[in-house]
$ cat model-v3.cif   # mmCIF, C-alpha atoms, pLDDT in the B column; chains and numbers go by the auth columns
data_query
loop_
_atom_site.group_PDB
_atom_site.id
_atom_site.type_symbol
_atom_site.label_atom_id
_atom_site.label_comp_id
_atom_site.label_asym_id
_atom_site.label_seq_id
_atom_site.Cartn_x
_atom_site.Cartn_y
_atom_site.Cartn_z
_atom_site.B_iso_or_equiv
_atom_site.auth_seq_id
_atom_site.auth_asym_id
ATOM 1 C CA MET A 1 58.570 15.186 158.498 50.00 26 A
ATOM 2 C CA CYS A 2 56.436 18.187 159.432 57.00 27 A
ATOM 3 C CA VAL A 3 53.883 19.337 156.880 51.00 28 A
ATOM 4 C CA SER A 4 52.209 22.720 157.259 58.00 29 A
ATOM 5 C CA ASN A 5 48.452 22.631 157.595 56.00 30 A
ATOM 6 C CA HIS A 6 47.921 26.292 156.808 81.00 31 A
ATOM 7 C CA PHE A 7 49.361 26.459 153.289 84.00 32 A
ATOM 8 C CA ILE A 8 46.752 28.902 151.944 84.00 33 A
ATOM 9 C CA GLU A 9 47.366 31.373 154.769 87.00 34 A
ATOM 10 C CA GLN A 10 51.123 31.214 154.169 90.00 35 A
ATOM 11 C CA GLN A 11 50.694 31.783 150.419 90.00 36 A
ATOM 12 C CA ALA A 12 48.461 34.809 151.033 90.00 37 A
ATOM 13 C CA TYR A 13 51.003 36.174 153.527 92.00 38 A
ATOM 14 C CA LYS A 14 53.909 35.687 151.097 94.00 39 A
ATOM 15 C CA MET A 15 52.012 37.349 148.240 94.00 40 A
ATOM 16 C CA THR A 16 51.151 40.235 150.578 95.00 41 A
ATOM 17 C CA GLU A 17 54.857 40.666 151.328 95.00 42 A
ATOM 18 C CA VAL A 18 55.639 40.683 147.593 95.00 43 A
ATOM 19 C CA ILE A 19 52.921 43.272 146.964 95.00 44 A
ATOM 20 C CA LYS A 20 54.228 45.404 149.845 95.00 45 A
ATOM 21 C CA GLY A 21 57.759 45.268 148.467 94.00 46 A
ATOM 22 C CA ASN A 22 56.823 46.058 144.862 93.00 47 A
ATOM 23 C CA THR A 23 53.928 48.496 145.114 93.00 48 A
ATOM 24 C CA LEU A 24 53.892 51.987 143.646 94.00 49 A
ATOM 25 C CA TYR A 25 51.252 52.922 146.216 95.00 50 A
ATOM 26 C CA LYS A 26 51.416 53.457 149.954 95.00 51 A
ATOM 27 C CA PHE A 27 50.806 50.216 151.844 95.00 52 A
ATOM 28 C CA VAL A 28 48.007 50.833 154.374 93.00 53 A
ATOM 29 C CA GLY A 29 47.303 47.389 155.836 92.00 54 A
ATOM 30 C CA VAL A 30 45.430 44.148 155.333 93.00 55 A
ATOM 31 C CA ASP A 31 41.953 42.722 155.925 90.00 56 A
ATOM 32 C CA PHE A 32 41.518 39.269 157.378 88.00 57 A
ATOM 33 C CA SER A 33 38.834 36.666 156.702 82.00 58 A
ATOM 34 C CA GLY A 34 37.225 37.360 160.076 71.00 59 A
ATOM 35 C CA GLY A 35 36.558 40.964 159.069 61.00 60 A
ATOM 36 C CA GLU A 36 39.356 42.332 161.216 57.00 61 A
ATOM 37 C CA GLY A 37 42.015 44.611 159.784 56.00 62 A
ATOM 38 C CA ALA A 38 45.525 45.218 160.981 53.00 63 A
ATOM 39 C CA GLY A 39 48.661 47.004 159.986 53.00 64 A
ATOM 40 C CA PHE A 40 51.279 44.903 158.278 46.00 65 A
ATOM 41 C CA GLN A 41 53.739 45.379 161.103 42.00 66 A
ATOM 42 C CA LYS A 42 51.522 43.267 163.373 43.00 67 A
ATOM 43 C CA LEU A 43 51.828 40.184 161.158 46.00 68 A
ATOM 44 C CA VAL A 44 54.252 37.529 162.357 41.00 69 A
ATOM 45 C CA VAL A 45 54.323 34.010 160.948 42.00 70 A
ATOM 46 C CA HIS A 46 55.314 31.247 163.337 41.00 71 A
ATOM 47 C CA GLU A 47 56.248 28.140 161.386 42.00 72 A
ATOM 48 C CA ASN A 48 55.806 25.751 164.336 42.00 73 A
ATOM 49 C CA GLU A 49 52.760 27.370 165.963 42.00 74 A
ATOM 50 C CA HIS A 50 49.175 27.855 164.915 40.00 75 A
ATOM 51 C CA HIS A 51 47.010 30.594 166.379 39.00 76 A
ATOM 52 C CA ASP A 52 43.705 31.799 164.984 40.00 77 A
ATOM 53 C CA THR A 53 44.256 35.414 165.926 42.00 78 A
ATOM 54 C CA PRO A 54 45.058 37.858 163.110 45.00 79 A
ATOM 55 C CA ALA A 55 48.100 39.197 164.958 46.00 80 A
ATOM 56 C CA SER A 56 49.828 35.825 164.673 48.00 81 A
ATOM 57 C CA GLY A 57 49.822 36.032 160.874 48.00 82 A
ATOM 58 C CA THR A 58 48.071 32.706 160.390 57.00 83 A
ATOM 59 C CA ALA A 59 44.593 34.135 159.774 76.00 84 A
ATOM 60 C CA LEU A 60 43.704 34.285 156.085 87.00 85 A
ATOM 61 C CA ILE A 61 44.556 37.626 154.489 90.00 86 A
ATOM 62 C CA THR A 62 41.716 38.449 152.094 91.00 87 A
ATOM 63 C CA LYS A 63 42.560 42.002 151.005 94.00 88 A
ATOM 64 C CA VAL A 64 45.593 44.258 150.796 95.00 89 A
ATOM 65 C CA LEU A 65 44.842 47.958 151.228 95.00 90 A
ATOM 66 C CA LEU A 66 46.796 50.441 149.118 95.00 91 A
ATOM 67 C CA GLN A 67 46.558 54.220 148.921 95.00 92 A
ATOM 68 C CA ASP A 68 47.590 56.501 146.069 93.00 93 A
ATOM 69 C CA LYS A 69 49.005 60.026 146.303 93.00 94 A
ATOM 70 C CA ASP A 70 45.500 61.541 146.138 93.00 95 A
ATOM 71 C CA GLY A 71 44.357 59.549 149.162 92.00 96 A
ATOM 72 C CA SER A 72 42.182 57.066 147.248 93.00 97 A
ATOM 73 C CA LEU A 73 42.116 53.621 148.837 95.00 98 A
ATOM 74 C CA TYR A 74 42.323 50.467 146.735 95.00 99 A
ATOM 75 C CA SER A 75 41.522 47.006 148.020 95.00 100 A
ATOM 76 C CA VAL A 76 43.200 44.143 146.140 95.00 101 A
ATOM 77 C CA GLU A 77 43.411 40.427 146.785 94.00 102 A
ATOM 78 C CA PRO A 78 46.860 38.955 147.495 94.00 103 A
ATOM 79 C CA ASN A 79 47.208 37.261 144.100 94.00 104 A
ATOM 80 C CA LEU A 80 48.961 37.864 140.774 94.00 105 A
ATOM 81 C CA ASN A 81 46.325 40.335 139.564 94.00 106 A
ATOM 82 C CA GLY A 82 46.702 42.317 142.786 95.00 107 A
ATOM 83 C CA LEU A 83 50.464 42.336 142.289 95.00 108 A
ATOM 84 C CA ARG A 84 50.077 43.545 138.695 96.00 109 A
ATOM 85 C CA PHE A 85 47.899 46.433 139.904 95.00 110 A
ATOM 86 C CA ALA A 86 50.312 47.287 142.728 95.00 111 A
ATOM 87 C CA LYS A 87 53.210 47.426 140.269 95.00 112 A
ATOM 88 C CA GLY A 88 51.199 49.742 138.001 94.00 113 A
ATOM 89 C CA GLU A 89 51.002 47.257 135.107 96.00 114 A
ATOM 90 C CA ILE A 90 47.192 47.429 134.982 95.00 115 A
ATOM 91 C CA SER A 91 44.550 49.925 136.099 95.00 116 A
ATOM 92 C CA TYR A 92 42.161 49.270 138.981 95.00 117 A
ATOM 93 C CA LYS A 93 39.299 48.935 136.505 96.00 118 A
ATOM 94 C CA LYS A 94 41.258 46.264 134.597 97.00 119 A
ATOM 95 C CA TYR A 95 42.088 44.547 137.911 96.00 120 A
ATOM 96 C CA GLN A 96 38.388 44.381 138.815 96.00 121 A
ATOM 97 C CA LYS A 97 37.530 43.034 135.356 97.00 122 A
ATOM 98 C CA LEU A 98 40.176 40.291 135.655 96.00 123 A
ATOM 99 C CA GLN A 99 38.936 39.360 139.142 96.00 124 A
ATOM 100 C CA ARG A 100 35.333 39.050 137.904 96.00 125 A
ATOM 101 C CA LYS A 101 36.532 36.905 135.000 97.00 126 A
ATOM 102 C CA ASN A 102 38.517 34.639 137.362 95.00 127 A
ATOM 103 C CA ASP A 103 35.537 34.342 139.726 94.00 128 A
ATOM 104 C CA LEU A 104 33.224 33.407 136.857 97.00 129 A
ATOM 105 C CA THR A 105 35.712 30.846 135.533 97.00 130 A
ATOM 106 C CA MET A 106 36.030 29.188 138.948 96.00 131 A
ATOM 107 C CA PHE A 107 32.243 29.199 139.379 97.00 132 A
ATOM 108 C CA LEU A 108 31.736 27.536 135.976 98.00 133 A
ATOM 109 C CA CYS A 109 34.464 24.956 136.618 98.00 134 A
ATOM 110 C CA PHE A 110 32.974 24.013 139.978 97.00 135 A
ATOM 111 C CA TYR A 111 29.477 23.547 138.608 97.00 136 A
ATOM 112 C CA GLY A 112 30.841 21.832 135.500 98.00 137 A
ATOM 113 C CA ILE A 113 32.539 19.220 137.673 98.00 138 A
ATOM 114 C CA ILE A 114 29.390 18.761 139.769 98.00 139 A
ATOM 115 C CA GLY A 115 27.347 18.391 136.568 97.00 140 A
ATOM 116 C CA PHE A 116 29.786 15.824 135.200 97.00 141 A
ATOM 117 C CA PHE A 117 29.464 13.699 138.338 97.00 142 A
ATOM 118 C CA ILE A 118 25.663 13.910 138.282 97.00 143 A
ATOM 119 C CA VAL A 119 25.507 12.845 134.625 96.00 144 A
ATOM 120 C CA SER A 120 28.007 10.055 135.320 96.00 145 A
ATOM 121 C CA MET A 121 25.895 8.794 138.229 96.00 146 A
ATOM 122 C CA ILE A 122 22.762 8.800 136.062 95.00 147 A
ATOM 123 C CA ILE A 123 24.507 6.886 133.264 94.00 148 A
ATOM 124 C CA VAL A 124 25.995 4.323 135.642 93.00 149 A
ATOM 125 C CA GLY A 125 22.623 3.986 137.398 91.00 150 A
ATOM 126 C CA ASN A 126 20.888 3.256 134.095 89.00 151 A
ATOM 127 C CA LEU A 127 23.489 0.622 133.135 86.00 152 A
ATOM 128 C CA ILE A 128 23.001 -1.393 136.303 79.00 153 A
#
$ encode --input "model-v3.cif" --output "structure tokens"
Amino acid sequence: MCVSNHFIEQQAYKMTEVIKGNTLYKFVGVDFSGGEGAGFQKLVVHENEHHDTPASGTALITKVLLQDKDGSLYSVEPNLNGLRFAKGEISYKKYQKLQRKNDLTMFLCFYGIIGFFIVSMIIVGNLI
């Protein structure tokens, strides 16, 4: 059985395709984690190959670039909030607010878990 080792990259690619197919805006391209950008037509996913170049489609897509009729560019992450903005369900300001809220929630969860383990280690250390 073959298990993919680049699940996150595939999920970002699939969400980018969904955004491209459902957007009210003009699709401009994508930004990759390495800071390189490319047009969507250059992305090709090879299920049985792994290359670290952005053109292979296996580099992590971090932003989807959209443009409105006035020429304003919008940069959204390939996630559900980005899809909601692309469909026109929420404004860009609301999208940014939701992203900040999600980032803060993840930050608090991470440090909450770390804090829990530290307190647990102190309690167990005192019992021994």
$ residues_around --input "model-v3.cif" --residues "stretch 114-127 of chain A" --least-positions-apart "6" --cutoff "12 Å" --atoms "all atoms listed in the file" --output "ChimeraX atom specification"
/A:47-49,91-93,97-108,133-134
$ atom_distance --input "model-v3.cif" --atom1 "atom CA of A:Glu42" --atom2 "atom CA of A:Thr130"
26.7 Å
$ closest_residue --input "model-v3.cif" --among "A:Leu152, A:Val43, A:Ile33, A:Leu85" --to "A:Arg109" --atoms "all atoms listed in the file"
A:Val43
$ residues_around --input "model-v3.cif" --residues "A:Gly46" --least-positions-apart "5" --cutoff "12 Å" --atoms "all atoms listed in the file" --output "PDB file with C-alpha atoms, in the coordinates of the input"
ATOM      1  CA  LYS A  39      53.909  35.687 151.097  1.00 94.00           C
ATOM      2  CA  MET A  40      52.012  37.349 148.240  1.00 94.00           C
ATOM      3  CA  THR A  41      51.151  40.235 150.578  1.00 95.00           C
ATOM      4  CA  LYS A  51      51.416  53.457 149.954  1.00 95.00           C
ATOM      5  CA  PHE A  52      50.806  50.216 151.844  1.00 95.00           C
ATOM      6  CA  PHE A  65      51.279  44.903 158.278  1.00 46.00           C
ATOM      7  CA  LEU A 108      50.464  42.336 142.289  1.00 95.00           C
ATOM      8  CA  ALA A 111      50.312  47.287 142.728  1.00 95.00           C
ATOM      9  CA  LYS A 112      53.210  47.426 140.269  1.00 95.00           C
TER      10      LYS A 112
END
$ atom_distance --input "model-v3.cif" --atom1 "atom CA of A:Phe57" --atom2 "atom CA of A:Glu34"
10.2 Å
$ atom_distance --input "model-v3.cif" --atom1 "atom CA of A:Val53" --atom2 "atom CA of A:Leu129"
28.8 Å
$ build_atoms --input "model-v3.cif" --residues "stretch 34-45 of chain A" --atoms "all heavy atoms" --output "PDB file, in the frame of the given file"
ATOM      1  N   GLU A  34      47.054  30.176 154.003  1.00 87.00           N
ATOM      2  CA  GLU A  34      47.366  31.373 154.769  1.00 87.00           C
ATOM      3  C   GLU A  34      48.798  31.831 154.516  1.00 87.00           C
ATOM      4  O   GLU A  34      49.063  33.019 154.378  1.00 87.00           O
ATOM      5  CB  GLU A  34      47.164  31.119 156.275  1.00 87.00           C
ATOM      6  CG  GLU A  34      45.723  30.953 156.686  1.00 87.00           C
ATOM      7  CD  GLU A  34      45.243  29.517 156.625  1.00 87.00           C
ATOM      8  OE1 GLU A  34      45.958  28.663 156.045  1.00 87.00           O
ATOM      9  OE2 GLU A  34      44.156  29.241 157.142  1.00 87.00           O
ATOM     10  N   GLN A  35      49.733  30.868 154.433  1.00 90.00           N
ATOM     11  CA  GLN A  35      51.123  31.214 154.169  1.00 90.00           C
ATOM     12  C   GLN A  35      51.288  31.815 152.775  1.00 90.00           C
ATOM     13  O   GLN A  35      52.047  32.770 152.601  1.00 90.00           O
ATOM     14  CB  GLN A  35      52.013  29.982 154.321  1.00 90.00           C
ATOM     15  CG  GLN A  35      52.197  29.549 155.751  1.00 90.00           C
ATOM     16  CD  GLN A  35      53.055  28.300 155.865  1.00 90.00           C
ATOM     17  OE1 GLN A  35      53.265  27.583 154.885  1.00 90.00           O
ATOM     18  NE2 GLN A  35      53.556  28.030 157.058  1.00 90.00           N
ATOM     19  N   GLN A  36      50.594  31.253 151.786  1.00 90.00           N
ATOM     20  CA  GLN A  36      50.694  31.783 150.419  1.00 90.00           C
ATOM     21  C   GLN A  36      50.154  33.207 150.356  1.00 90.00           C
ATOM     22  O   GLN A  36      50.745  34.070 149.704  1.00 90.00           O
ATOM     23  CB  GLN A  36      49.955  30.874 149.438  1.00 90.00           C
ATOM     24  CG  GLN A  36      50.642  29.558 149.190  1.00 90.00           C
ATOM     25  CD  GLN A  36      52.044  29.736 148.649  1.00 90.00           C
ATOM     26  OE1 GLN A  36      53.021  29.523 149.368  1.00 90.00           O
ATOM     27  NE2 GLN A  36      52.167  30.121 147.419  1.00 90.00           N
ATOM     28  N   ALA A  37      49.028  33.463 151.015  1.00 90.00           N
ATOM     29  CA  ALA A  37      48.461  34.809 151.033  1.00 90.00           C
ATOM     30  C   ALA A  37      49.414  35.775 151.723  1.00 90.00           C
ATOM     31  O   ALA A  37      49.607  36.914 151.274  1.00 90.00           O
ATOM     32  CB  ALA A  37      47.102  34.798 151.729  1.00 90.00           C
ATOM     33  N   TYR A  38      50.045  35.333 152.805  1.00 92.00           N
ATOM     34  CA  TYR A  38      51.003  36.174 153.527  1.00 92.00           C
ATOM     35  C   TYR A  38      52.211  36.492 152.643  1.00 92.00           C
ATOM     36  O   TYR A  38      52.657  37.639 152.561  1.00 92.00           O
ATOM     37  CB  TYR A  38      51.438  35.474 154.816  1.00 92.00           C
ATOM     38  CG  TYR A  38      52.511  36.224 155.561  1.00 92.00           C
ATOM     39  CD1 TYR A  38      52.196  37.339 156.330  1.00 92.00           C
ATOM     40  CD2 TYR A  38      53.843  35.833 155.480  1.00 92.00           C
ATOM     41  CE1 TYR A  38      53.178  38.038 157.012  1.00 92.00           C
ATOM     42  CE2 TYR A  38      54.822  36.531 156.155  1.00 92.00           C
ATOM     43  CZ  TYR A  38      54.489  37.624 156.914  1.00 92.00           C
ATOM     44  OH  TYR A  38      55.463  38.325 157.573  1.00 92.00           O
ATOM     45  N   LYS A  39      52.739  35.468 151.963  1.00 94.00           N
ATOM     46  CA  LYS A  39      53.909  35.687 151.097  1.00 94.00           C
ATOM     47  C   LYS A  39      53.582  36.632 149.953  1.00 94.00           C
ATOM     48  O   LYS A  39      54.378  37.510 149.609  1.00 94.00           O
ATOM     49  CB  LYS A  39      54.418  34.347 150.564  1.00 94.00           C
ATOM     50  CG  LYS A  39      55.113  33.517 151.619  1.00 94.00           C
ATOM     51  CD  LYS A  39      55.530  32.169 151.075  1.00 94.00           C
ATOM     52  CE  LYS A  39      56.125  31.312 152.184  1.00 94.00           C
ATOM     53  NZ  LYS A  39      56.467  29.963 151.722  1.00 94.00           N
ATOM     54  N   MET A  40      52.397  36.464 149.342  1.00 94.00           N
ATOM     55  CA  MET A  40      52.012  37.349 148.240  1.00 94.00           C
ATOM     56  C   MET A  40      51.808  38.773 148.759  1.00 94.00           C
ATOM     57  O   MET A  40      52.138  39.736 148.070  1.00 94.00           O
ATOM     58  CB  MET A  40      50.746  36.837 147.555  1.00 94.00           C
ATOM     59  CG  MET A  40      50.367  37.650 146.343  1.00 94.00           C
ATOM     60  SD  MET A  40      51.647  37.795 145.064  1.00 94.00           S
ATOM     61  CE  MET A  40      51.547  36.195 144.309  1.00 94.00           C
ATOM     62  N   THR A  41      51.304  38.909 149.977  1.00 95.00           N
ATOM     63  CA  THR A  41      51.151  40.235 150.578  1.00 95.00           C
ATOM     64  C   THR A  41      52.512  40.894 150.760  1.00 95.00           C
ATOM     65  O   THR A  41      52.670  42.085 150.495  1.00 95.00           O
ATOM     66  CB  THR A  41      50.417  40.131 151.929  1.00 95.00           C
ATOM     67  OG1 THR A  41      49.134  39.533 151.701  1.00 95.00           O
ATOM     68  CG2 THR A  41      50.224  41.487 152.567  1.00 95.00           C
ATOM     69  N   GLU A  42      53.501  40.122 151.184  1.00 95.00           N
ATOM     70  CA  GLU A  42      54.857  40.666 151.328  1.00 95.00           C
ATOM     71  C   GLU A  42      55.411  41.119 149.980  1.00 95.00           C
ATOM     72  O   GLU A  42      56.053  42.162 149.883  1.00 95.00           O
ATOM     73  CB  GLU A  42      55.784  39.620 151.933  1.00 95.00           C
ATOM     74  CG  GLU A  42      55.651  39.446 153.421  1.00 95.00           C
ATOM     75  CD  GLU A  42      56.735  38.523 153.979  1.00 95.00           C
ATOM     76  OE1 GLU A  42      57.232  37.654 153.230  1.00 95.00           O
ATOM     77  OE2 GLU A  42      57.057  38.678 155.157  1.00 95.00           O
ATOM     78  N   VAL A  43      55.162  40.325 148.934  1.00 95.00           N
ATOM     79  CA  VAL A  43      55.639  40.683 147.593  1.00 95.00           C
ATOM     80  C   VAL A  43      54.959  41.962 147.128  1.00 95.00           C
ATOM     81  O   VAL A  43      55.608  42.861 146.573  1.00 95.00           O
ATOM     82  CB  VAL A  43      55.386  39.517 146.597  1.00 95.00           C
ATOM     83  CG1 VAL A  43      55.676  39.945 145.179  1.00 95.00           C
ATOM     84  CG2 VAL A  43      56.227  38.311 146.976  1.00 95.00           C
ATOM     85  N   ILE A  44      53.648  42.059 147.347  1.00 95.00           N
ATOM     86  CA  ILE A  44      52.921  43.272 146.964  1.00 95.00           C
ATOM     87  C   ILE A  44      53.475  44.470 147.732  1.00 95.00           C
ATOM     88  O   ILE A  44      53.714  45.534 147.153  1.00 95.00           O
ATOM     89  CB  ILE A  44      51.405  43.104 147.199  1.00 95.00           C
ATOM     90  CG1 ILE A  44      50.824  42.128 146.169  1.00 95.00           C
ATOM     91  CG2 ILE A  44      50.690  44.444 147.127  1.00 95.00           C
ATOM     92  CD1 ILE A  44      49.375  41.759 146.401  1.00 95.00           C
ATOM     93  N   LYS A  45      53.703  44.299 149.030  1.00 95.00           N
ATOM     94  CA  LYS A  45      54.228  45.404 149.845  1.00 95.00           C
ATOM     95  C   LYS A  45      55.591  45.855 149.336  1.00 95.00           C
ATOM     96  O   LYS A  45      55.875  47.049 149.286  1.00 95.00           O
ATOM     97  CB  LYS A  45      54.333  44.977 151.301  1.00 95.00           C
ATOM     98  CG  LYS A  45      54.821  46.097 152.201  1.00 95.00           C
ATOM     99  CD  LYS A  45      55.009  45.660 153.627  1.00 95.00           C
ATOM    100  CE  LYS A  45      55.511  46.829 154.450  1.00 95.00           C
ATOM    101  NZ  LYS A  45      56.030  46.404 155.734  1.00 95.00           N
TER     102      LYS A  45
END
